[in-house]
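*Asks:* One structure coming up, written as structure tokens, with questions to follow.
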Amino acid sequence: MRKKILLIGKSGSGKTSMRAIIFANYTSRDTNRLGATIEVNQAYFKFLGNLILNLWDCGGQDHFMENYFSSQRDTIFKNVEVLIYVFDVYSFETEKDIFYYQRSLESLVTHSPNAKIFVLVNKMDLIPEYERDKKFEKHKAEILEYSKPVQIKCFQTSIWDETLYRAWSSIVQDIVLNSSLLANSLNEFSNVIEADEILLFERTTFLVVSQSLRKEHSDLKRFEKISSIIKQFKVNCNRFDTTFQSIEIKNDNFTIIIDNFTPNTYIMVIVSDPNITPALTIHNIKYAQKHFQLLESQT
């Protein structure tokens with residue numbers, strides 16, 4: 001199954017850098033080598049078995065943007081599954097940004113009325129940390145007002161921290177057809193093996209596609225942090241011609257196991273019960289693989 005994702009926003013907002021980090025294994029520093037996108041860059045990415053993401057990265061220069069809403073409107077906005085609109089938090093052309101954003105919504109409603117819409121307020125690392133949440137909430141309130149009556153989801157992002165993975169994980173979880181079935185199965189598995197938490201990562205991007213939580217945790221951003229850290233570790237392994245297979249971490253408080261799970265996923269299991277050995281957890285992971293491979297094939 002192929003799903004069209006439209007990535008759009010003004011030039012310099014960081015769209016291509018996001019795409020390169022998530023889908024092409026770039027590090028944040030590597031993105032300095034990327035040039036501006038000319039017109040539309042189409043790419044296809046296999047995601048969880050039968051799902052193909054058709055990503056349209058749209059160049060954001062003014063003359064390209066104008067063409068998207070005139071001569072190319074039908075081509076750009078037809079058959080869109082997800083629209084991702086990226087704002088630069090430090091843009092000095094706010095009125096023009098909103099103008100293009102609203103025209104994007106109008107075009108989408110006309111040609112793809114059932115599309116899901118995500119708005120990313122990017123480059124939040126440029127804002128002092130103590131001001132970020134306040135600044136984002138202000139931008140979010142304005143964007144929600146300009147979006148009415150269209151429903152959107154809004155995230156703050158930066159290519160330099162875990163917020164990028166949080167936003168994109170939410171996006172792909174909305175795209176996966178059997179996400180609720182996957183989550184239910186993961187909850188059942190977690191209860192059977194008495195895990196504190198289980199995360200399921202897509203193999204290439206290391207985005208979180210499903211999760212199960214049996215014990216509350218104070219760090220609400222831990223999933224995205226793990227995605228970012230392990231993805232960078234995996235990229236560094238590839239640079240040294242080694243393959244990332246699994247990780248086991250054990251201390252007095254918990255055991256963490258990250259392992260191959262299905263042909264398109266990794267699994268992370270966290271167990272705090274000292275009576276449950278890592279060997280038993282690994283055995284249970286292997287035993288559950290067949291069931292989750294079947295679910296994955298139905299994506």
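Ordered as shown in the structure tokens, chains take letters A, B, and onward, while each chain numbers its residues from 1 and ligands are numbered from 1 in the order shown.
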Please provide as an MDAnalysis selection string all residues within 6 Å of stretch 13-25 of chain A, with the sequence filter that same-chain residues fewer than 2 positions apart are discarded (counting only C-alpha atoms).
*Replies:* chainID A and resid 10:11 27 31 87:88 205
*Asks:* For the contact check between stretch 43-132 of chain A and stretch 147-150 of chain A, emit one row per residue of stretch 43-132 of chain A within 9 Å, containing the shortest atom pair and the distance in Å rounded to one decimal, counting only C-alpha atoms, chain then rising number order, as a tab-separated table.
*Replies:*
residue	atom	partner	partner_atom	distance
A:Tyr101	CA	A:Ser147	CA	8.6
A:Gln102	CA	A:Ser147	CA	7.0
A:Leu105	CA	A:Ser147	CA	7.6
A:Val109	CA	A:Val150	CA	8.4
A:Ile117	CA	A:Val150	CA	8.6
*Asks:* If you run DSSP on the backbone, which residues of stretch 58-185 of chain A are alpha helix (DSSP H), as a PyMOL selection string?
*Replies:* chain A and resi 62-68+73-77+94-111+129-147+163-175+179-185
*Asks:* Looking at only C-alpha atoms, which of A:Gln173, A:Arg239, A:Leu34, A:Phe244 is the one that sits closest to A:Gln211?
*Replies:* A:Gln173
*Asks:* Please identify every residue of stretch 193-223 of chain A that has at least one atom no farther than 12 Å from an atom of stretch 255-263 of chain A, counting only C-alpha atoms, and for each give the shortest atom pair and the distance in Å to one decimal, arranged by chain then increasing number, as a Markdown table.
*Replies:*
| residue | atom | partner | partner_atom | distance |
| --- | --- | --- | --- | --- |
| A:Ala195 | CA | A:Thr255 | CA | 9.8 |
| A:Asp196 | CA | A:Thr255 | CA | 10.0 |
| A:Glu197 | CA | A:Ile256 | CA | 9.5 |
| A:Ile198 | CA | A:Ile257 | CA | 9.7 |
| A:Leu199 | CA | A:Ile258 | CA | 9.1 |
| A:Leu200 | CA | A:Phe261 | CA | 8.6 |
| A:Phe201 | CA | A:Phe261 | CA | 9.3 |
| A:Glu202 | CA | A:Thr262 | CA | 9.5 |
| A:Arg203 | CA | A:Pro263 | CA | 7.9 |
| A:Thr204 | CA | A:Pro263 | CA | 10.6 |
| A:Phe206 | CA | A:Ile258 | CA | 11.7 |
*Asks:* Could the residues in this selection be saved with all heavy atoms as an mmCIF file, in the first residue's frame?
*Replies:*
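Output contents, as saved in selection.cif:
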data_model
loop_
_atom_site.group_PDB
_atom_site.id
_atom_site.type_symbol
_atom_site.label_atom_id
_atom_site.label_comp_id
_atom_site.auth_asym_id
_atom_site.auth_seq_id
_atom_site.Cartn_x
_atom_site.Cartn_y
_atom_site.Cartn_z
ATOM 1 N N ALA A 195 6.687 -7.039 31.779
ATOM 2 C CA ALA A 195 7.616 -5.955 31.455
ATOM 3 C C ALA A 195 7.065 -4.627 31.966
ATOM 4 O O ALA A 195 5.853 -4.415 31.998
ATOM 5 C CB ALA A 195 7.825 -5.878 29.943
ATOM 6 N N ASP A 196 7.965 -3.727 32.352
ATOM 7 C CA ASP A 196 7.544 -2.378 32.748
ATOM 8 C C ASP A 196 7.107 -1.585 31.514
ATOM 9 O O ASP A 196 6.087 -0.901 31.540
ATOM 10 C CB ASP A 196 8.695 -1.630 33.426
ATOM 11 C CG ASP A 196 9.087 -2.262 34.747
ATOM 12 O OD1 ASP A 196 8.693 -3.402 35.003
ATOM 13 O OD2 ASP A 196 9.800 -1.598 35.522
ATOM 14 N N GLU A 197 7.904 -1.697 30.460
ATOM 15 C CA GLU A 197 7.617 -0.989 29.213
ATOM 16 C C GLU A 197 8.119 -1.804 28.029
ATOM 17 O O GLU A 197 9.098 -2.540 28.150
ATOM 18 C CB GLU A 197 8.314 0.381 29.167
ATOM 19 C CG GLU A 197 7.858 1.374 30.206
ATOM 20 C CD GLU A 197 8.558 2.713 30.039
ATOM 21 O OE1 GLU A 197 8.620 3.215 28.905
ATOM 22 O OE2 GLU A 197 9.046 3.261 31.042
ATOM 23 N N ILE A 198 7.440 -1.631 26.906
ATOM 24 C CA ILE A 198 7.910 -2.202 25.650
ATOM 25 C C ILE A 198 7.744 -1.152 24.557
ATOM 26 O O ILE A 198 6.707 -0.498 24.464
ATOM 27 C CB ILE A 198 7.127 -3.474 25.254
ATOM 28 C CG1 ILE A 198 7.297 -4.572 26.304
ATOM 29 C CG2 ILE A 198 7.584 -3.984 23.893
ATOM 30 C CD1 ILE A 198 6.550 -5.860 25.972
ATOM 31 N N LEU A 199 8.769 -1.001 23.755
ATOM 32 C CA LEU A 199 8.716 -0.113 22.596
ATOM 33 C C LEU A 199 8.994 -0.909 21.339
ATOM 34 O O LEU A 199 9.840 -1.814 21.339
ATOM 35 C CB LEU A 199 9.764 1.009 22.699
ATOM 36 C CG LEU A 199 9.654 2.020 23.831
ATOM 37 C CD1 LEU A 199 10.767 3.053 23.705
ATOM 38 C CD2 LEU A 199 8.317 2.692 23.821
ATOM 39 N N LEU A 200 8.291 -0.559 20.268
ATOM 40 C CA LEU A 200 8.522 -1.170 18.973
ATOM 41 C C LEU A 200 9.020 -0.088 18.019
ATOM 42 O O LEU A 200 8.343 0.928 17.822
ATOM 43 C CB LEU A 200 7.223 -1.785 18.449
ATOM 44 C CG LEU A 200 7.332 -2.931 17.439
ATOM 45 C CD1 LEU A 200 8.111 -4.097 18.030
ATOM 46 C CD2 LEU A 200 5.942 -3.382 17.012
ATOM 47 N N PHE A 201 10.223 -0.285 17.462
ATOM 48 C CA PHE A 201 10.845 0.686 16.564
ATOM 49 C C PHE A 201 10.828 0.165 15.128
ATOM 50 O O PHE A 201 11.100 -1.015 14.892
ATOM 51 C CB PHE A 201 12.316 0.933 16.940
ATOM 52 C CG PHE A 201 12.533 1.449 18.327
ATOM 53 C CD1 PHE A 201 12.889 0.585 19.357
ATOM 54 C CD2 PHE A 201 12.414 2.800 18.611
ATOM 55 C CE1 PHE A 201 13.113 1.052 20.636
ATOM 56 C CE2 PHE A 201 12.628 3.275 19.889
ATOM 57 C CZ PHE A 201 12.986 2.407 20.909
ATOM 58 N N GLU A 202 10.553 1.055 14.177
ATOM 59 C CA GLU A 202 10.745 0.706 12.781
ATOM 60 C C GLU A 202 12.243 0.559 12.526
ATOM 61 O O GLU A 202 13.047 1.360 13.003
ATOM 62 C CB GLU A 202 10.144 1.784 11.880
ATOM 63 C CG GLU A 202 9.932 1.359 10.449
ATOM 64 C CD GLU A 202 11.177 1.475 9.591
ATOM 65 O OE1 GLU A 202 11.984 2.396 9.882
ATOM 66 O OE2 GLU A 202 11.358 0.690 8.646
ATOM 67 N N ARG A 203 12.631 -0.450 11.789
ATOM 68 C CA ARG A 203 14.031 -0.849 11.701
ATOM 69 C C ARG A 203 14.952 0.223 11.116
ATOM 70 O O ARG A 203 16.050 0.461 11.636
ATOM 71 C CB ARG A 203 14.149 -2.132 10.864
ATOM 72 C CG ARG A 203 15.574 -2.611 10.623
ATOM 73 C CD ARG A 203 15.579 -3.930 9.880
ATOM 74 N NE ARG A 203 15.105 -5.000 10.739
ATOM 75 C CZ ARG A 203 15.904 -5.728 11.523
ATOM 76 N NH1 ARG A 203 17.197 -5.486 11.547
ATOM 77 N NH2 ARG A 203 15.420 -6.682 12.274
ATOM 78 N N THR A 204 14.539 0.887 10.040
ATOM 79 C CA THR A 204 15.425 1.831 9.357
ATOM 80 C C THR A 204 15.439 3.195 10.019
ATOM 81 O O THR A 204 16.498 3.783 10.264
ATOM 82 C CB THR A 204 15.003 1.982 7.886
ATOM 83 O OG1 THR A 204 15.023 0.698 7.263
ATOM 84 C CG2 THR A 204 15.953 2.918 7.147
ATOM 85 N N PHE A 206 14.061 4.032 13.042
ATOM 86 C CA PHE A 206 14.008 3.928 14.495
ATOM 87 C C PHE A 206 12.941 4.844 15.097
ATOM 88 O O PHE A 206 13.041 5.294 16.235
ATOM 89 C CB PHE A 206 15.371 4.177 15.144
ATOM 90 C CG PHE A 206 15.909 2.932 15.803
ATOM 91 C CD1 PHE A 206 16.639 2.012 15.058
ATOM 92 C CD2 PHE A 206 15.647 2.638 17.121
ATOM 93 C CE1 PHE A 206 17.104 0.836 15.631
ATOM 94 C CE2 PHE A 206 16.106 1.472 17.709
ATOM 95 C CZ PHE A 206 16.842 0.564 16.968
#
*Asks:* So, counting only C-alpha atoms, which residue among A:Ile143, A:Met1, A:Val192, A:Leu83 is closest to A:Phe99?
*Replies:* A:Ile143
*Asks:* Looking at A:Thr37, A:Ala141, A:Tyr146, A:Lys78, which one is nearest to A:Glu95, with distances taken over only C-alpha atoms?
*Replies:*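 Among A:Thr37, A:Ala141, A:Tyr146, A:Lys78, it is A:Tyr146 that comes nearest to A:Glu95.
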*Asks:* I'd like the interatomic distance between atom CA of A:Ile8 and atom CA of A:Asp57, to a tenth of an Å.
*Replies:*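 Separating atom CA of A:Ile8 from atom CA of A:Asp57 is a distance of 6.5 Å.
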*Asks:* Report the closest atom pair, with its distance in Å rounded to one decimal, for each residue of stretch 30-139 of chain A that has an atom no farther than 8 Å from stretch 280-298 of chain A; count only C-alpha atoms, sort by chain and then rising residue number, and write it as CSV.
*Replies:*
residue,atom,partner,partner_atom,distance
A:Leu48,CA,A:Glu296,CA,6.2
A:Gly49,CA,A:Ser297,CA,5.6
A:Asn50,CA,A:Ser297,CA,6.5
*Asks:* Would you please give, as a list in words, all residues of stretch 106-245 of chain A that DSSP assigns to strand (DSSP E) based on the backbone?
*Replies:* Lys116, Ile117, Phe118, Val119, Leu120, Val121, Asn122, Lys153, Cys154, Phe155, Gln156, Glu197, Ile198, Leu199, Leu200, Phe201, Glu202, Val208, Val209, Ser210, Gln211, Ser212 and Leu213 of chain A
*Asks:* Could you take the residues named above and write them with N, CA and C atoms, as a PDB file, in the first residue's frame?
*Replies:*
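Resulting contents of selection04.pdb:
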ATOM      1  N   LYS A 116      -4.739  13.832   6.842  1.00  0.00           N
ATOM      2  CA  LYS A 116      -4.373  14.261   8.200  1.00  0.00           C
ATOM      3  C   LYS A 116      -3.316  15.349   8.098  1.00  0.00           C
ATOM      4  N   ILE A 117      -3.385  16.301   9.028  1.00  0.00           N
ATOM      5  CA  ILE A 117      -2.525  17.479   8.938  1.00  0.00           C
ATOM      6  C   ILE A 117      -1.696  17.622  10.209  1.00  0.00           C
ATOM      7  N   PHE A 118      -0.385  17.754  10.016  1.00  0.00           N
ATOM      8  CA  PHE A 118       0.546  17.984  11.116  1.00  0.00           C
ATOM      9  C   PHE A 118       1.315  19.271  10.848  1.00  0.00           C
ATOM     10  N   VAL A 119       1.443  20.082  11.868  1.00  0.00           N
ATOM     11  CA  VAL A 119       2.217  21.322  11.761  1.00  0.00           C
ATOM     12  C   VAL A 119       3.403  21.231  12.713  1.00  0.00           C
ATOM     13  N   LEU A 120       4.601  21.454  12.166  1.00  0.00           N
ATOM     14  CA  LEU A 120       5.826  21.397  12.961  1.00  0.00           C
ATOM     15  C   LEU A 120       6.425  22.791  13.059  1.00  0.00           C
ATOM     16  N   VAL A 121       6.562  23.285  14.273  1.00  0.00           N
ATOM     17  CA  VAL A 121       7.237  24.562  14.511  1.00  0.00           C
ATOM     18  C   VAL A 121       8.704  24.217  14.760  1.00  0.00           C
ATOM     19  N   ASN A 122       9.524  24.450  13.755  1.00  0.00           N
ATOM     20  CA  ASN A 122      10.889  23.922  13.744  1.00  0.00           C
ATOM     21  C   ASN A 122      11.931  24.956  14.184  1.00  0.00           C
ATOM     22  N   LYS A 153      -2.682  18.696  14.157  1.00  0.00           N
ATOM     23  CA  LYS A 153      -1.846  18.385  15.323  1.00  0.00           C
ATOM     24  C   LYS A 153      -0.559  19.182  15.180  1.00  0.00           C
ATOM     25  N   CYS A 154      -0.116  19.774  16.269  1.00  0.00           N
ATOM     26  CA  CYS A 154       1.024  20.691  16.226  1.00  0.00           C
ATOM     27  C   CYS A 154       2.130  20.226  17.171  1.00  0.00           C
ATOM     28  N   PHE A 155       3.381  20.274  16.689  1.00  0.00           N
ATOM     29  CA  PHE A 155       4.533  19.852  17.486  1.00  0.00           C
ATOM     30  C   PHE A 155       5.654  20.880  17.367  1.00  0.00           C
ATOM     31  N   GLN A 156       6.428  21.007  18.428  1.00  0.00           N
ATOM     32  CA  GLN A 156       7.673  21.767  18.339  1.00  0.00           C
ATOM     33  C   GLN A 156       8.795  20.795  18.004  1.00  0.00           C
ATOM     34  N   GLU A 197       7.904  -1.697  30.460  1.00  0.00           N
ATOM     35  CA  GLU A 197       7.617  -0.989  29.213  1.00  0.00           C
ATOM     36  C   GLU A 197       8.119  -1.804  28.029  1.00  0.00           C
ATOM     37  N   ILE A 198       7.440  -1.631  26.906  1.00  0.00           N
ATOM     38  CA  ILE A 198       7.910  -2.202  25.650  1.00  0.00           C
ATOM     39  C   ILE A 198       7.744  -1.152  24.557  1.00  0.00           C
ATOM     40  N   LEU A 199       8.769  -1.001  23.755  1.00  0.00           N
ATOM     41  CA  LEU A 199       8.716  -0.113  22.596  1.00  0.00           C
ATOM     42  C   LEU A 199       8.994  -0.909  21.339  1.00  0.00           C
ATOM     43  N   LEU A 200       8.291  -0.559  20.268  1.00  0.00           N
ATOM     44  CA  LEU A 200       8.522  -1.170  18.973  1.00  0.00           C
ATOM     45  C   LEU A 200       9.020  -0.088  18.019  1.00  0.00           C
ATOM     46  N   PHE A 201      10.223  -0.285  17.462  1.00  0.00           N
ATOM     47  CA  PHE A 201      10.845   0.686  16.564  1.00  0.00           C
ATOM     48  C   PHE A 201      10.828   0.165  15.128  1.00  0.00           C
ATOM     49  N   GLU A 202      10.553   1.055  14.177  1.00  0.00           N
ATOM     50  CA  GLU A 202      10.745   0.706  12.781  1.00  0.00           C
ATOM     51  C   GLU A 202      12.243   0.559  12.526  1.00  0.00           C
ATOM     52  N   VAL A 208       9.303   5.287  16.769  1.00  0.00           N
ATOM     53  CA  VAL A 208       8.458   4.445  17.616  1.00  0.00           C
ATOM     54  C   VAL A 208       7.125   4.230  16.912  1.00  0.00           C
ATOM     55  N   VAL A 209       6.788   2.980  16.604  1.00  0.00           N
ATOM     56  CA  VAL A 209       5.527   2.689  15.923  1.00  0.00           C
ATOM     57  C   VAL A 209       4.462   2.160  16.876  1.00  0.00           C
ATOM     58  N   SER A 210       4.886   1.697  18.046  1.00  0.00           N
ATOM     59  CA  SER A 210       3.923   1.269  19.060  1.00  0.00           C
ATOM     60  C   SER A 210       4.634   1.159  20.398  1.00  0.00           C
ATOM     61  N   GLN A 211       3.839   1.179  21.471  1.00  0.00           N
ATOM     62  CA  GLN A 211       4.432   1.133  22.807  1.00  0.00           C
ATOM     63  C   GLN A 211       3.437   0.589  23.816  1.00  0.00           C
ATOM     64  N   SER A 212       3.966   0.054  24.887  1.00  0.00           N
ATOM     65  CA  SER A 212       3.141  -0.434  25.985  1.00  0.00           C
ATOM     66  C   SER A 212       3.788  -0.006  27.292  1.00  0.00           C
ATOM     67  N   LEU A 213       2.987   0.555  28.174  1.00  0.00           N
ATOM     68  CA  LEU A 213       3.501   1.097  29.436  1.00  0.00           C
ATOM     69  C   LEU A 213       2.704   0.501  30.595  1.00  0.00           C
TER      70      LEU A 213
END
*Asks:* To one decimal place in Å, what is the distance between atom CA of A:Ile5 and atom CA of A:Tyr68?
*Replies:* 15.0 Å
*Asks:* For a quick check of understanding, using only C-alpha atoms, which of A:Pro128, A:Met65, A:Pro278, A:Leu207 has the smallest distance to A:Ile171?
*Replies:* A:Leu207
*Asks:* Just to confirm, what's the straight-line distance from atom CA of A:Lys140 to atom CA of A:Leu126 in Å (one decimal)?
*Replies:*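 That distance, rounded to one decimal, is 17.0 Å.
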*Asks:* Measuring between only C-alpha atoms, which one of A:Val80, A:Leu144, A:Val269, A:Ile38 shows the shortest distance to A:Ile98?
*Replies:* A:Leu144
*Asks:* Residues within 8 Å of stretch 69-71 of chain A, please, as a list in words. Count only C-alpha atoms; anything in the same chain fewer than 5 positions from it doesn't count.
*Replies:*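 My reading of the contact set: Arg103, Ser104 and Ser107 of chain A.
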*Asks:* Rank nothing, just name the residue among A:Lys4, A:Arg222, A:Arg132, A:Lys231 nearest to A:Thr75, using only C-alpha atoms.
*Replies:*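 Looking only at the distances to A:Thr75, the closest residue turns out to be A:Lys4.
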